[in-house]
Protein chains: 2
Amino acid sequence: MKFNPVNDKKIYQQIIEQIKKMIYNGDLKKGAKLPSERKLTKELNVSRSSLREAFSALEMIGLIECRPGEGTFIKEKVSDNFLEPLSLLFMVEEDVNEDLIELRKMLEVSGVKLAASRATEEDLQRIKNSIRQMEVNKGDVQKSGIADRDFHYAVAMATQNTLVSKFLNSISEAIDIYFANAMQRIVNNESRNEEFIAQHRHIYKALVNRDQELAETTMLEHLTWSKNLIINS
Amino acid sequence: MKFNPVNDKKIYQQIIEQIKKMIYNGDLKKGAKLPSERKLTKELNVSRSSLREAFSALEMIGLIECRPGEGTFIKEKVSDNFLEPLSLLFMVEEDVNEDLIELRKMLEVSGVKLAASRATEEDLQRIKNSIRQMEVNKGDVQKSGIADRDFHYAVAMATQNTLVSKFLNSISEAIDIYFANAMQRIVNNESRNEEFIAQHRHIYKALVNRDQELAETTMLEHLTWSKNLIINS
DNA sequence: TTTACTATACTGGTCTGACCATATGTCCTA
DNA sequence: TAGGACATATGGTCAGACCAGTATAGTAAA
């Protein structure tokens, strides 16, 4: 006897499957306009509610864009924060912390090598500015945090790989959320704060000199140092 | 005169914001049961449709789980394919291809170093088996593809970092989808197929010997070789 | 008292039909 | 021809209904 698998998926998931296939087949390309909701409900033989559940899910992950009065479109450009939903997951996942830090280290250490070979003058300027902000705002948790984020953001951009920088940024964001207290411990201790800034300077110098090896080791040192501060808190 | 920013966000997005905050504040932990939809609609003063749009989006990214007759829960374990929605994005994004390959290279090269130091006997066995499958199925595109995927999957697992392996797998999946033809070009040429298998053997040998440096270089060679095959197609 | 069953309330899944605000296109007028 | 008024189409939101399951409390049987 042979049973056919029962299709127990929710309707909105089935709709997503179909849209997926259409994208895969090339029927839906970037910027394409989808049929109106009312038309689609007839074609798919589903209610508008179910269709809208599918659309809201697809909009959340940044695949489509629903514009009132106009229609629904496949997004022209994937938004910068397309990984933002993931940070939600990191927030509930408690045991993932060390894994998260390790993942960041892997990406950022190899990322900084790319940055060393590809960074533009503009990138370097932005990195330099972020370090300046750290120096000016010694002791200020808030502003030091922002400066640090700027630094790593700029380095990520300097890889000239938008995908890498997006991944990296959303990972960093998740880490920042989780370990907001780490920055406190850095900034509240003067010598620690000095060391913190010095490490960023070293990385910057390596980038300016296009020294991939040095960039790698200095970044590795920095992240290892940071990790210890985070973990032992 | 001062204007307050108009809250133009869609209701389902506002609901997600609220749930986000509750998670951030620790009010919602893993496995927690959310209030029933009917209760929440009253508390949030929204319609059930809007609430369900929010829920379907959250379910899509794997944050919650809606079980008919029971209720809605924060997922206990983040599912293995929590990055699957991302592959959708990769599919529409055409210029991302090279970036994607580079990202994979970064992650997998540093990943294989971890694997070299952490792989269990079981991991090594699985890797060995996948290579055996490549040898047995020379010329078979389908099965060779599966074996290759198994190999890289097993290496990713061997990092003992679930987050890294999940990221890696979803990236590999996206690449496989995009470059299905690459495997064809490898398998259809006998000497290329031999080379392909030999590279995997080298990586395996490095892993068995716990040689991180060698694992890194062999993996780098393998991925660079593969990339050239993909790009020049 | 314990077990087994049943009725009931409750849950998420789905559908229908309505109304709104906005965007677009049309046609008529000045 | 330019401008304005109107009709139409779109997504956003809501209310209410029904269904198929699950959970639970209450009852009957052991």
# chains A, B, ... in the order shown; residues from 1 in each chain; ligands from 1
>>> interface_residues(of="chain A", to="chain D", cutoff="12 Å", atoms="only C-alpha atoms (C1' of nucleotides)", output="MDAnalysis selection string")
chainID A and resid 34:39 48:49 52 55:56 65:73
>>> interface_residues(of="chain B", to="chain A", cutoff="8 Å", atoms="only C-alpha atoms", output="JSON, numbers by chain")
{"B": [12, 20, 23, 24, 29, 30, 49, 52, 53, 54, 56, 57, 58, 60, 61, 62, 63, 77, 78, 85, 86, 88, 89, 91, 92, 93, 96, 99, 100, 103, 106, 107, 110, 111, 161, 162, 163, 164]}
>>> interface_residues(of="chain C", to="chain B", cutoff="12 Å", atoms="only C-alpha atoms (C1' of nucleotides)", output="CSV table (one decimal) with C-alpha atoms (C1' of nucleotides), in the first residue's frame")
chain,number,residue,atom,x,y,z
C,9,DA,C1',-14.8,25.3,26.1
C,10,DC,C1',-10.8,26.9,23.8
C,11,DT,C1',-7.2,27.1,20.2
C,12,DG,C1',-5.3,28.2,15.8
C,13,DG,C1',-6.6,27.9,10.5
C,14,DT,C1',-9.5,29.7,7.1
C,15,DC,C1',-13.0,32.2,4.7
>>> residues_around(residues="region 209-219 of chain B", least_positions_apart="3", cutoff="6 Å", atoms="only C-alpha atoms (C1' of nucleotides)", output="mmCIF file with N, CA and C atoms, in the first residue's frame")
data_model
loop_
_atom_site.group_PDB
_atom_site.id
_atom_site.type_symbol
_atom_site.label_atom_id
_atom_site.label_comp_id
_atom_site.auth_asym_id
_atom_site.auth_seq_id
_atom_site.Cartn_x
_atom_site.Cartn_y
_atom_site.Cartn_z
ATOM 1 N N VAL B 109 36.756 28.244 5.313
ATOM 2 C CA VAL B 109 38.197 28.110 5.532
ATOM 3 C C VAL B 109 38.520 28.242 7.028
ATOM 4 N N LYS B 113 39.431 24.982 10.110
ATOM 5 C CA LYS B 113 40.471 25.037 11.155
ATOM 6 C C LYS B 113 39.896 24.569 12.486
ATOM 7 N N ALA B 116 39.381 20.913 12.447
ATOM 8 C CA ALA B 116 40.607 20.132 12.618
ATOM 9 C C ALA B 116 40.924 19.925 14.093
ATOM 10 N N SER B 117 40.552 20.890 14.904
ATOM 11 C CA SER B 117 40.901 20.763 16.317
ATOM 12 C C SER B 117 39.781 20.138 17.138
ATOM 13 N N ILE B 203 41.778 17.258 2.324
ATOM 14 C CA ILE B 203 41.175 17.946 3.466
ATOM 15 C C ILE B 203 40.922 16.947 4.585
ATOM 16 N N ALA B 206 44.047 16.040 6.418
ATOM 17 C CA ALA B 206 44.474 17.113 7.327
ATOM 18 C C ALA B 206 43.644 17.081 8.605
ATOM 19 N N HIS B 222 40.773 24.040 -2.497
ATOM 20 C CA HIS B 222 39.573 23.399 -3.038
ATOM 21 C C HIS B 222 38.521 24.433 -3.430
#
>>> atom_distance(atom1="CA of Lys143 (chain A)", atom2="CA of Glu190 (chain A)")
15.5 Å
>>> residues_around(residues="Leu229 (chain A)", least_positions_apart="6", cutoff="10 Å", atoms="only C-alpha atoms (C1' of nucleotides)", output="list in words")
Phe179, Asn181, Ala182, Met183, Arg185, Ile186 and Leu223 of chain A
>>> write_last_selection(atoms="all heavy atoms", output="PDB file, in the first residue's frame")
ATOM      1  N   PHE A 179      25.578  41.805  24.991  1.00  0.00           N
ATOM      2  CA  PHE A 179      26.684  42.068  25.910  1.00  0.00           C
ATOM      3  C   PHE A 179      26.918  43.553  26.088  1.00  0.00           C
ATOM      4  O   PHE A 179      28.048  44.030  26.052  1.00  0.00           O
ATOM      5  CB  PHE A 179      27.946  41.379  25.407  1.00  0.00           C
ATOM      6  CG  PHE A 179      27.739  39.920  25.181  1.00  0.00           C
ATOM      7  CD1 PHE A 179      27.599  39.417  23.904  1.00  0.00           C
ATOM      8  CD2 PHE A 179      27.664  39.049  26.255  1.00  0.00           C
ATOM      9  CE1 PHE A 179      27.394  38.071  23.698  1.00  0.00           C
ATOM     10  CE2 PHE A 179      27.457  37.697  26.053  1.00  0.00           C
ATOM     11  CZ  PHE A 179      27.324  37.208  24.773  1.00  0.00           C
ATOM     12  N   ASN A 181      26.810  45.123  28.618  1.00  0.00           N
ATOM     13  CA  ASN A 181      27.558  45.409  29.836  1.00  0.00           C
ATOM     14  C   ASN A 181      29.068  45.369  29.626  1.00  0.00           C
ATOM     15  O   ASN A 181      29.821  45.966  30.396  1.00  0.00           O
ATOM     16  CB  ASN A 181      27.183  44.425  30.938  1.00  0.00           C
ATOM     17  CG  ASN A 181      27.405  42.990  30.509  1.00  0.00           C
ATOM     18  OD1 ASN A 181      27.301  42.677  29.322  1.00  0.00           O
ATOM     19  ND2 ASN A 181      27.728  42.145  31.450  1.00  0.00           N
ATOM     20  N   ALA A 182      29.495  44.676  28.577  1.00  0.00           N
ATOM     21  CA  ALA A 182      30.932  44.564  28.331  1.00  0.00           C
ATOM     22  C   ALA A 182      31.544  45.945  28.107  1.00  0.00           C
ATOM     23  O   ALA A 182      32.598  46.261  28.658  1.00  0.00           O
ATOM     24  CB  ALA A 182      31.197  43.660  27.132  1.00  0.00           C
ATOM     25  N   MET A 183      30.847  46.750  27.326  1.00  0.00           N
ATOM     26  CA  MET A 183      31.360  48.082  27.043  1.00  0.00           C
ATOM     27  C   MET A 183      31.510  48.890  28.332  1.00  0.00           C
ATOM     28  O   MET A 183      32.460  49.648  28.497  1.00  0.00           O
ATOM     29  CB  MET A 183      30.416  48.788  26.065  1.00  0.00           C
ATOM     30  CG  MET A 183      30.902  50.129  25.545  1.00  0.00           C
ATOM     31  SD  MET A 183      32.535  50.068  24.783  1.00  0.00           S
ATOM     32  CE  MET A 183      32.156  49.120  23.313  1.00  0.00           C
ATOM     33  N   ARG A 185      32.269  47.736  31.213  1.00  0.00           N
ATOM     34  CA  ARG A 185      33.464  47.293  31.933  1.00  0.00           C
ATOM     35  C   ARG A 185      34.731  47.811  31.280  1.00  0.00           C
ATOM     36  O   ARG A 185      35.758  47.986  31.941  1.00  0.00           O
ATOM     37  CB  ARG A 185      33.495  45.762  32.007  1.00  0.00           C
ATOM     38  CG  ARG A 185      32.255  45.187  32.677  1.00  0.00           C
ATOM     39  CD  ARG A 185      32.348  43.692  32.836  1.00  0.00           C
ATOM     40  NE  ARG A 185      33.416  43.293  33.722  1.00  0.00           N
ATOM     41  CZ  ARG A 185      34.273  42.308  33.462  1.00  0.00           C
ATOM     42  NH1 ARG A 185      34.187  41.659  32.317  1.00  0.00           N
ATOM     43  NH2 ARG A 185      35.209  41.983  34.309  1.00  0.00           N
ATOM     44  N   ILE A 186      34.668  48.021  29.988  1.00  0.00           N
ATOM     45  CA  ILE A 186      35.842  48.566  29.305  1.00  0.00           C
ATOM     46  C   ILE A 186      36.019  50.031  29.639  1.00  0.00           C
ATOM     47  O   ILE A 186      37.099  50.483  30.020  1.00  0.00           O
ATOM     48  CB  ILE A 186      35.696  48.396  27.773  1.00  0.00           C
ATOM     49  CG1 ILE A 186      35.790  46.924  27.402  1.00  0.00           C
ATOM     50  CG2 ILE A 186      36.756  49.216  27.039  1.00  0.00           C
ATOM     51  CD1 ILE A 186      35.460  46.627  25.958  1.00  0.00           C
ATOM     52  N   LEU A 223      39.696  40.843  19.194  1.00  0.00           N
ATOM     53  CA  LEU A 223      38.466  40.103  19.448  1.00  0.00           C
ATOM     54  C   LEU A 223      38.652  39.089  20.580  1.00  0.00           C
ATOM     55  O   LEU A 223      37.728  38.838  21.360  1.00  0.00           O
ATOM     56  CB  LEU A 223      37.995  39.404  18.171  1.00  0.00           C
ATOM     57  CG  LEU A 223      37.495  40.344  17.074  1.00  0.00           C
ATOM     58  CD1 LEU A 223      37.067  39.560  15.845  1.00  0.00           C
ATOM     59  CD2 LEU A 223      36.343  41.204  17.574  1.00  0.00           C
TER      60      LEU A 223
END
>>> select_by_dssp(residues="chain B", states="alpha helix (DSSP H)", output="PyMOL selection string")
chain B and resi 11-24+37-44+48-60+84-92+97-118+121-136+141-158+162-178+180-187+190-208+212-231
>>> select_by_dssp(residues="region 33-186 of chain A", states="strand (DSSP E)", output="PyMOL selection string")
chain A and resi 64-67+71-74
>>> residues_around(residues="Val208 (chain A)", least_positions_apart="4", cutoff="12 Å", atoms="only C-alpha atoms (C1' of nucleotides)", output="ChimeraX atom specification")
/A:112-113,115-125,127-128,155,158,201-204,212,214-215
